[in-house]
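Shown next: input09.cif, given as mmCIF, C-alpha atoms and all ligand atoms.
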```cif
data_data
loop_
_atom_site.label_atom_id
_atom_site.label_comp_id
_atom_site.auth_asym_id
_atom_site.auth_seq_id
_atom_site.Cartn_x
_atom_site.Cartn_y
_atom_site.Cartn_z
CA MET A 353 -24.91 38.52 -5.75
CA ILE A 354 -23.04 38.19 -2.46
CA LYS A 355 -20.42 40.80 -1.57
CA ALA A 356 -17.07 38.99 -1.75
CA LYS A 357 -14.43 39.64 0.92
CA LYS A 358 -11.03 40.30 -0.60
CA SER A 359 -9.29 39.64 2.72
CA LEU A 360 -10.55 36.03 2.61
CA GLY A 361 -9.56 35.54 -1.03
CA GLN A 362 -13.18 35.16 -2.10
CA ASN A 363 -13.43 34.51 -5.84
CA PHE A 364 -16.31 32.14 -6.41
CA LEU A 365 -16.23 29.65 -9.26
CA ILE A 366 -19.22 30.12 -11.53
CA ASP A 367 -18.21 28.27 -14.73
CA LYS A 368 -20.23 25.05 -14.79
CA LYS A 369 -17.84 23.29 -17.19
CA ILE A 370 -14.93 23.91 -14.82
CA LEU A 371 -16.96 22.84 -11.78
CA LYS A 372 -17.76 19.58 -13.56
CA LYS A 373 -14.17 19.12 -14.67
CA ILE A 374 -12.91 19.50 -11.09
CA THR A 375 -15.30 16.87 -9.76
CA ASP A 376 -14.54 14.54 -12.70
CA THR A 377 -10.84 14.44 -11.70
CA THR A 378 -11.36 11.49 -9.35
CA ASP A 379 -13.99 9.04 -8.17
CA ILE A 380 -16.12 10.59 -5.42
CA GLU A 381 -18.91 8.07 -4.95
CA ASN A 382 -18.93 6.60 -1.45
CA LYS A 383 -15.72 8.44 -0.49
CA ILE A 384 -15.12 10.81 2.43
CA ILE A 385 -14.61 14.27 0.98
CA LEU A 386 -13.21 17.45 2.52
CA GLU A 387 -13.74 20.77 0.80
CA ILE A 388 -11.62 23.75 1.83
CA GLY A 389 -13.30 27.16 1.55
CA PRO A 390 -16.67 26.17 0.04
CA GLY A 391 -17.78 29.83 -0.13
CA THR A 392 -21.24 30.01 -1.64
CA GLY A 393 -21.31 26.25 -2.20
CA ASN A 394 -20.94 26.07 -5.99
CA LEU A 395 -18.33 23.31 -5.96
CA THR A 396 -20.08 21.75 -2.94
CA SER A 397 -23.21 21.16 -5.05
CA TYR A 398 -21.20 19.45 -7.76
CA ILE A 399 -19.46 17.21 -5.21
CA LEU A 400 -22.83 16.24 -3.69
CA LYS A 401 -24.17 15.25 -7.13
CA LYS A 402 -21.54 12.49 -7.13
CA ASN A 403 -22.85 10.85 -3.94
CA PRO A 404 -19.94 11.00 -1.50
CA LYS A 405 -20.19 8.91 1.68
CA LYS A 406 -19.72 12.09 3.71
CA LEU A 407 -18.78 15.69 2.87
CA PHE A 408 -16.95 17.91 5.35
CA VAL A 409 -16.34 21.57 4.56
CA ILE A 410 -14.08 24.06 6.32
CA GLU A 411 -15.17 27.69 5.90
CA LYS A 412 -13.77 30.58 7.91
CA ASP A 413 -16.40 33.17 6.96
CA ASN A 414 -19.19 33.01 9.59
CA LYS A 415 -21.87 34.43 7.32
CA LEU A 416 -21.06 32.02 4.48
CA ALA A 417 -20.95 29.11 6.94
CA LYS A 418 -24.50 30.01 8.09
CA ASP A 419 -25.74 30.31 4.51
CA LEU A 420 -24.23 26.91 3.69
CA GLU A 421 -26.08 25.41 6.64
CA ASN A 422 -29.39 26.77 5.32
CA LYS A 423 -28.62 25.69 1.77
CA PHE A 424 -27.41 22.14 2.40
CA ASN A 425 -28.97 21.22 5.79
CA ASN A 426 -27.62 17.89 6.98
CA GLN A 427 -26.09 16.93 3.64
CA ILE A 428 -22.73 18.34 4.74
CA THR A 429 -20.74 18.78 7.96
CA ILE A 430 -19.64 22.38 8.31
CA ILE A 431 -16.51 23.29 10.27
CA ASN A 432 -16.70 27.05 10.72
CA ASP A 433 -12.99 27.62 11.36
CA ASP A 434 -9.64 28.58 9.91
CA VAL A 435 -8.15 25.68 7.91
CA LEU A 436 -4.69 26.64 9.15
CA LYS A 437 -5.80 25.85 12.72
CA ILE A 438 -7.29 22.44 11.98
CA ASN A 439 -5.42 19.24 12.79
CA GLU A 440 -6.63 16.99 9.98
CA THR A 441 -4.87 13.90 11.32
CA ASP A 442 -7.02 14.11 14.48
CA LEU A 443 -10.18 14.84 12.53
CA PHE A 444 -10.12 12.00 10.03
CA LYS A 445 -9.74 8.36 10.86
CA GLU A 446 -10.43 7.31 7.28
CA LYS A 447 -8.56 8.70 4.26
CA VAL A 448 -10.23 11.65 2.58
CA ILE A 449 -10.19 13.28 -0.84
CA VAL A 450 -9.61 17.02 -0.56
CA PHE A 451 -11.05 19.60 -2.93
CA GLY A 452 -10.28 23.28 -2.69
CA ASN A 453 -10.50 26.42 -4.71
CA LEU A 454 -8.07 27.80 -2.18
CA PRO A 455 -7.96 31.37 -0.89
CA TYR A 456 -4.92 32.51 -2.86
CA ASN A 457 -3.38 34.58 -0.08
CA ILE A 458 -2.81 31.45 2.05
CA SER A 459 -2.64 28.66 -0.56
CA THR A 460 1.09 27.94 -0.19
CA GLU A 461 0.78 28.12 3.60
CA ILE A 462 -1.97 25.48 3.51
CA LEU A 463 0.00 23.15 1.23
CA SER A 464 3.25 23.54 3.17
CA LYS A 465 1.42 22.87 6.44
CA TRP A 466 -0.03 19.65 5.07
CA ILE A 467 3.29 18.41 3.69
CA ILE A 468 5.39 19.37 6.68
CA ASN A 469 2.88 17.89 9.18
CA LEU A 470 2.40 14.62 7.29
CA LYS A 471 3.03 11.56 9.38
CA GLU A 472 3.90 8.10 8.02
CA ASN A 473 0.23 7.51 7.26
CA PHE A 474 -1.26 10.05 4.92
CA TRP A 475 -4.65 11.37 6.10
CA PHE A 476 -5.66 12.04 2.49
CA GLU A 477 -6.00 9.90 -0.61
CA SER A 478 -5.57 12.80 -3.02
CA LEU A 479 -5.73 16.59 -3.22
CA ILE A 480 -7.46 18.45 -6.05
CA LEU A 481 -6.52 22.06 -5.54
CA MET A 482 -6.74 25.34 -7.39
CA PHE A 483 -3.84 27.77 -7.13
CA GLN A 484 -3.01 31.01 -8.83
CA LYS A 485 -1.15 30.00 -12.00
CA GLU A 486 2.07 31.69 -10.97
CA VAL A 487 2.13 29.61 -7.76
CA ALA A 488 1.21 26.36 -9.55
CA ASP A 489 4.05 27.01 -12.01
CA ARG A 490 6.47 27.18 -9.08
CA ILE A 491 5.02 24.03 -7.50
CA ILE A 492 5.51 21.92 -10.64
CA ALA A 493 8.73 23.53 -11.90
CA GLU A 494 11.56 21.20 -12.96
CA PHE A 495 15.13 21.81 -11.83
CA ASN A 496 17.26 23.96 -14.15
CA THR A 497 14.28 26.25 -14.79
CA PRO A 498 13.70 29.75 -13.38
CA ASN A 499 10.53 28.83 -11.43
CA TYR A 500 12.24 25.97 -9.56
CA GLY A 501 12.76 26.72 -5.89
CA ARG A 502 11.71 26.08 -2.30
CA LEU A 503 8.06 25.53 -3.14
CA SER A 504 8.86 22.94 -5.85
CA ILE A 505 11.23 21.09 -3.53
CA ILE A 506 8.90 21.02 -0.50
CA SER A 507 5.75 20.20 -2.54
CA ASN A 508 7.33 17.34 -4.49
CA TRP A 509 8.93 15.71 -1.46
CA LYS A 510 5.99 13.46 -0.59
CA LEU A 511 3.61 14.11 -3.47
CA ASN A 512 3.33 13.30 -7.17
CA ILE A 513 1.84 16.37 -8.80
CA LYS A 514 -0.02 16.60 -12.08
CA LYS A 515 -1.41 19.69 -13.77
CA ILE A 516 -5.03 19.30 -14.86
CA CYS A 517 -5.64 22.65 -16.60
CA ASP A 518 -5.32 26.41 -16.50
CA ILE A 519 -8.45 28.42 -15.75
CA LYS A 520 -9.20 31.93 -17.01
CA PRO A 521 -10.41 34.77 -14.72
CA GLU A 522 -13.84 34.72 -16.43
CA ALA A 523 -14.63 31.44 -14.62
CA PHE A 524 -14.90 33.34 -11.31
CA TYR A 525 -16.98 36.02 -9.65
CA PRO A 526 -15.58 38.48 -8.83
CA LYS A 527 -13.11 38.12 -11.69
CA PRO A 528 -9.55 37.88 -10.33
CA LYS A 529 -6.71 39.68 -12.12
CA ILE A 530 -4.73 36.48 -12.59
CA ASP A 531 -5.07 33.05 -14.24
CA SER A 532 -5.52 29.95 -12.08
CA THR A 533 -4.34 26.35 -12.36
CA LEU A 534 -5.90 23.13 -11.12
CA LEU A 535 -3.45 20.57 -9.70
CA TYR A 536 -3.94 16.94 -8.76
CA LEU A 537 -1.63 15.83 -5.94
CA LEU A 538 -1.17 12.20 -4.92
CA PRO A 539 0.89 10.73 -2.06
CA LYS A 540 4.16 9.10 -3.10
CA LYS A 541 4.67 5.48 -2.08
CA ASN A 542 8.38 6.06 -1.61
CA PHE A 543 10.14 9.23 -0.60
CA ILE A 544 13.44 10.08 1.06
CA LYS A 545 12.97 10.07 4.83
CA ILE A 546 13.80 13.29 6.64
CA ASN A 547 12.74 12.89 10.26
CA ASP A 548 12.46 16.60 10.99
CA PRO A 549 11.22 18.51 7.90
CA THR A 550 12.34 21.83 9.38
CA TYR A 551 15.83 20.84 8.16
CA LEU A 552 14.53 20.80 4.59
CA GLU A 553 12.82 24.14 5.15
CA LYS A 554 15.96 25.74 6.55
CA LEU A 555 18.26 24.26 3.91
CA THR A 556 16.10 25.43 1.00
CA ARG A 557 15.62 28.86 2.58
CA ILE A 558 19.36 29.40 2.86
CA PHE A 559 20.18 27.89 -0.56
CA PHE A 560 17.56 29.94 -2.42
CA ASN A 561 18.17 33.13 -0.48
CA GLN A 562 20.50 34.21 -3.26
CA ARG A 563 19.37 32.11 -6.17
CA ARG A 564 21.71 33.68 -8.72
CA LYS A 565 24.84 33.10 -6.64
CA MET A 566 26.97 29.94 -6.68
CA LEU A 567 26.34 27.16 -4.15
CA LYS A 568 29.64 27.71 -2.40
CA LYS A 569 28.43 30.27 0.13
CA PRO A 570 25.22 28.58 1.38
CA PHE A 571 26.90 25.16 1.39
CA ASN A 572 29.81 26.42 3.48
CA GLN A 573 27.40 28.21 5.81
CA LEU A 574 25.49 25.00 6.57
CA PHE A 575 28.09 22.27 6.08
CA ASN A 576 31.31 24.09 6.84
CA GLY A 577 32.72 22.98 3.45
CA ASP A 578 32.36 19.26 4.27
CA GLN A 579 34.07 17.53 1.27
CA LYS A 580 32.60 14.11 2.17
CA VAL A 581 29.07 15.40 1.62
CA LEU A 582 30.08 16.99 -1.69
CA ASP A 583 31.66 13.74 -2.91
CA LYS A 584 28.80 11.56 -1.72
CA LEU A 585 26.13 13.68 -3.44
CA LYS A 586 28.36 14.67 -6.38
CA ILE A 587 27.73 18.37 -5.90
CA ASP A 588 29.70 20.96 -7.85
CA LEU A 589 29.85 24.17 -5.80
CA ASN A 590 30.17 26.28 -8.94
CA LEU A 591 26.55 25.47 -9.82
CA ARG A 592 23.56 27.56 -8.74
CA PRO A 593 20.70 26.48 -6.43
CA GLN A 594 18.31 25.81 -9.33
CA ASN A 595 20.79 23.30 -10.86
CA LEU A 596 20.42 20.69 -8.07
CA ASN A 597 17.60 18.23 -8.63
CA LEU A 598 14.92 17.34 -6.09
CA ASP A 599 16.57 14.18 -4.74
CA THR A 600 19.85 16.00 -4.14
CA TYR A 601 17.99 18.48 -1.92
CA TYR A 602 16.26 15.71 0.04
CA LYS A 603 19.58 13.89 0.50
CA LEU A 604 21.27 17.13 1.51
CA ALA A 605 18.54 17.71 4.12
CA CYS A 606 19.27 14.21 5.50
CA GLU A 607 22.98 15.05 5.73
CA TYR A 608 22.16 18.35 7.42
CA GLU A 609 19.91 16.53 9.88
CA LYS A 610 22.70 14.04 10.66
CA LEU A 611 25.05 16.94 11.29
CA ARG A 612 22.64 18.89 13.51
CA GLY A 613 20.12 16.37 14.79
N1 LIG A 701 -14.93 27.07 -3.23
C1 LIG A 701 -15.64 28.28 -3.52
C2 LIG A 701 -15.85 28.41 -5.01
O1 LIG A 701 -15.06 27.82 -5.75
O2 LIG A 701 -16.76 29.11 -5.44
C3 LIG A 701 -14.96 29.53 -2.94
C4 LIG A 701 -13.49 29.66 -3.15
S1 LIG A 701 -12.78 31.18 -2.61
C5 LIG A 701 -11.38 31.28 -3.68
C6 LIG A 701 -11.97 30.79 -1.07
C7 LIG A 701 -12.91 30.44 0.08
O3 LIG A 701 -12.10 30.10 1.23
C8 LIG A 701 -13.82 31.56 0.52
O4 LIG A 701 -15.11 31.06 0.73
C9 LIG A 701 -13.22 32.05 1.86
O5 LIG A 701 -14.17 32.60 2.75
C10 LIG A 701 -12.60 30.77 2.40
N2 LIG A 701 -11.46 30.99 3.30
C11 LIG A 701 -10.56 32.01 3.27
N3 LIG A 701 -9.63 31.85 4.22
C12 LIG A 701 -9.94 30.69 4.87
C13 LIG A 701 -9.34 29.97 5.95
N4 LIG A 701 -8.25 30.41 6.57
N5 LIG A 701 -9.93 28.82 6.36
C14 LIG A 701 -11.06 28.36 5.75
N6 LIG A 701 -11.66 29.00 4.72
C15 LIG A 701 -11.11 30.14 4.28
#
```

Would you kindly transcribe this structure into structure tokens?
Amino acid sequence: MIKAKKSLGQNFLIDKKILKKITDTTDIENKIILEIGPGTGNLTSYILKKNPKKLFVIEKDNKLAKDLENKFNNQITIINDDVLKINETDLFKEKVIVFGNLPYNISTEILSKWIINLKENFWFESLILMFQKEVADRIIAEFNTPNYGRLSIISNWKLNIKKICDIKPEAFYPKPKIDSTLLYLLPKKNFIKINDPTYLEKLTRIFFNQRRKMLKKPFNQLFNGDQKVLDKLKIDLNLRPQNLNLDTYYKLACEYEKLRG
């Protein structure tokens, strides 16, 4: 067995039922597929069985990238690089389906990068991604629940997100200490337009900085107590950050952009 690098979040999926389940999530035949972090190529093999039109993989580990080249020859296109440095919009002219058993240490960074950098035209058709369960729970959390926060608000801005299943540590080698969750993420047809997403990032950072405190302080800090905004969005400043629903945050980010932009 290959020696896994902890620094690169290497936990390889070995459970055949789960590998099949992941590739059964969506139609792959004749589609352009991108796999993030193929590792030893377990999921890659399952994707290839479904006859994609083309399969790109992005793998940072040089040794694994070489091994993949030997294993799959010209069946796949290997990009031996850091996914965080890739500009997917430049790379793909046709929409792709993305699969990834993501390195857990950078999974939220990858997702945030994709959402924040999205232009009008999505470069992907869907994302089928594995996260650590605790992170997936935050991504899909509803408002008024303890897990709801920045990650839920940013992730759900442009994407509809569905949980496929939880996956036990035994499905991986080496066995991680935590459970995992597979999510299916699809572009929304309609979403509230915020021209510069950094306003949404800043707003949610300041609002959730003290998640147990009332909204009064962060609101006044950003909006200087602007009553018109409160009336328009029907916000009660005695509530707490987790009590505002997704759309209220997106509308607040628009108001903040108008004020600052
Ligand atoms: N997909 C494989 C599987 O399911 O067996 C491996 C998944 S493992 C959790 C994460 C993979 O992502 C590893 O192969 C690791 O080397 C790779 N990786 C880690 N950081 C990366 C980065 N910044 N860019 C691209 N690949 C990365």

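Proximity of A:Leu591, A:Ile462, A:Ile354, A:Ile544 to Leu436 (chain A), computed with all atoms listed in the file, is greatest for A:Ile462.
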
Quiz item: Pick from A:Leu567, A:Tyr536, A:Gly501, A:Glu553: nearest to Asn597 (chain A), with all atoms listed in the file counted?
Solution: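 Among A:Leu567, A:Tyr536, A:Gly501, A:Glu553, it is A:Gly501 that comes nearest to Asn597 (chain A).
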
Self-check item: Å distance separating CA of Glu421 (chain A) from CA of Asp379 (chain A), one decimal place
Solution: 25.2 Å

Could you produce a table of the residues of chain A lying within 8 Å of ligand LIG 701 (chain A), with the nearest pair of atoms per residue and their separation in Å rounded to one decimal, using all atoms listed in the file, ordered by chain and increasing residue number, as CSV?
```
residue,atom,partner,partner_atom,distance
A:Lys357,CA,A:LIG701,O5,7.3
A:Ser359,CA,A:LIG701,C11,7.8
A:Leu360,CA,A:LIG701,C11,4.1
A:Gly361,CA,A:LIG701,C6,5.3
A:Gln362,CA,A:LIG701,S1,4.0
A:Asn363,CA,A:LIG701,C5,4.4
A:Phe364,CA,A:LIG701,O2,3.2
A:Leu365,CA,A:LIG701,O2,3.9
A:Ile366,CA,A:LIG701,O2,6.6
A:Glu387,CA,A:LIG701,N1,7.6
A:Ile388,CA,A:LIG701,N6,6.0
A:Gly389,CA,A:LIG701,O3,3.2
A:Pro390,CA,A:LIG701,N1,3.8
A:Gly391,CA,A:LIG701,O4,3.1
A:Thr392,CA,A:LIG701,O2,5.9
A:Gly393,CA,A:LIG701,C1,6.2
A:Asn394,CA,A:LIG701,O2,5.2
A:Leu395,CA,A:LIG701,O1,5.6
A:Thr396,CA,A:LIG701,N1,7.4
A:Ile410,CA,A:LIG701,C14,5.3
A:Glu411,CA,A:LIG701,N6,3.9
A:Lys412,CA,A:LIG701,C14,4.1
A:Asp413,CA,A:LIG701,O5,4.8
A:Leu416,CA,A:LIG701,O4,7.1
A:Asn432,CA,A:LIG701,C14,7.6
A:Asp433,CA,A:LIG701,C14,6.0
A:Asp434,CA,A:LIG701,N5,3.6
A:Val435,CA,A:LIG701,N5,3.9
A:Leu436,CA,A:LIG701,N4,5.8
A:Gly452,CA,A:LIG701,N1,6.0
A:Asn453,CA,A:LIG701,C4,4.7
A:Leu454,CA,A:LIG701,C5,5.0
A:Pro455,CA,A:LIG701,C6,4.1
A:Tyr456,CA,A:LIG701,C5,6.6
A:Ile458,CA,A:LIG701,N4,7.1
A:Phe524,CA,A:LIG701,O2,7.5
```

Self-check item: Between CA of Asn426 (chain A) and CA of Lys383 (chain A), distance in Å (one decimal)
Solution: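 Between CA of Asn426 (chain A) and CA of Lys383 (chain A) the gap is 16.9 Å.
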
Exercise. Please return, as a list in words, all polymer residues that have at least one atom within 10 Å of the point (3.2, 10.1, 6.1); use all atoms listed in the file and the file's own coordinate frame.
Key: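 Residues with an atom at most 10 Å from (3.2, 10.1, 6.1): Ile467, Ile468, Asn469, Leu470, Lys471, Glu472, Asn473, Phe474, Trp475, Phe476, Lys510, Pro539, Lys540, Lys541, Phe543 and Lys545 of chain A.
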
Practice problem: Starting from the point (6.1, 27.9, -8.5), work out which residues of protein, DNA or RNA have an atom no more than 9 Å away when counting all atoms listed in the file; state them as JSON, numbers by chain. | Solution: {"A": [485, 486, 487, 488, 489, 490, 491, 492, 493, 499, 500, 501, 502, 503, 504]}

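Interatomic distance, CA of Leu481 (chain A) to CA of Leu535 (chain A): 5.4 Å.
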
Exercise. Mind checking which residues fall within 10 Å of Pro404 (chain A), counting only C-alpha atoms, ignoring those fewer than 3 positions away in the same chain, and posting them as JSON, numbers by chain?
Key: {"A": [379, 380, 381, 382, 383, 384, 385, 399, 400, 401, 407, 427]}

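If you measure from each of A:Lys465, A:Ile505, A:Glu522, A:Phe575 to Arg557 (chain A) using all atoms listed in the file, the closest one turns out to be A:Ile505.
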
Self-check item: Residue nearest Leu611 (chain A) - candidates A:Leu598, A:Leu574, A:Pro593, A:Asn403, atoms counted: only C-alpha atoms
Solution: A:Leu574

Self-check item: Counting only C-alpha atoms, the residue of A:Ile587, A:Cys517, A:Ile431, A:Leu552 that sits nearest Gln484 (chain A)
Solution: A:Cys517
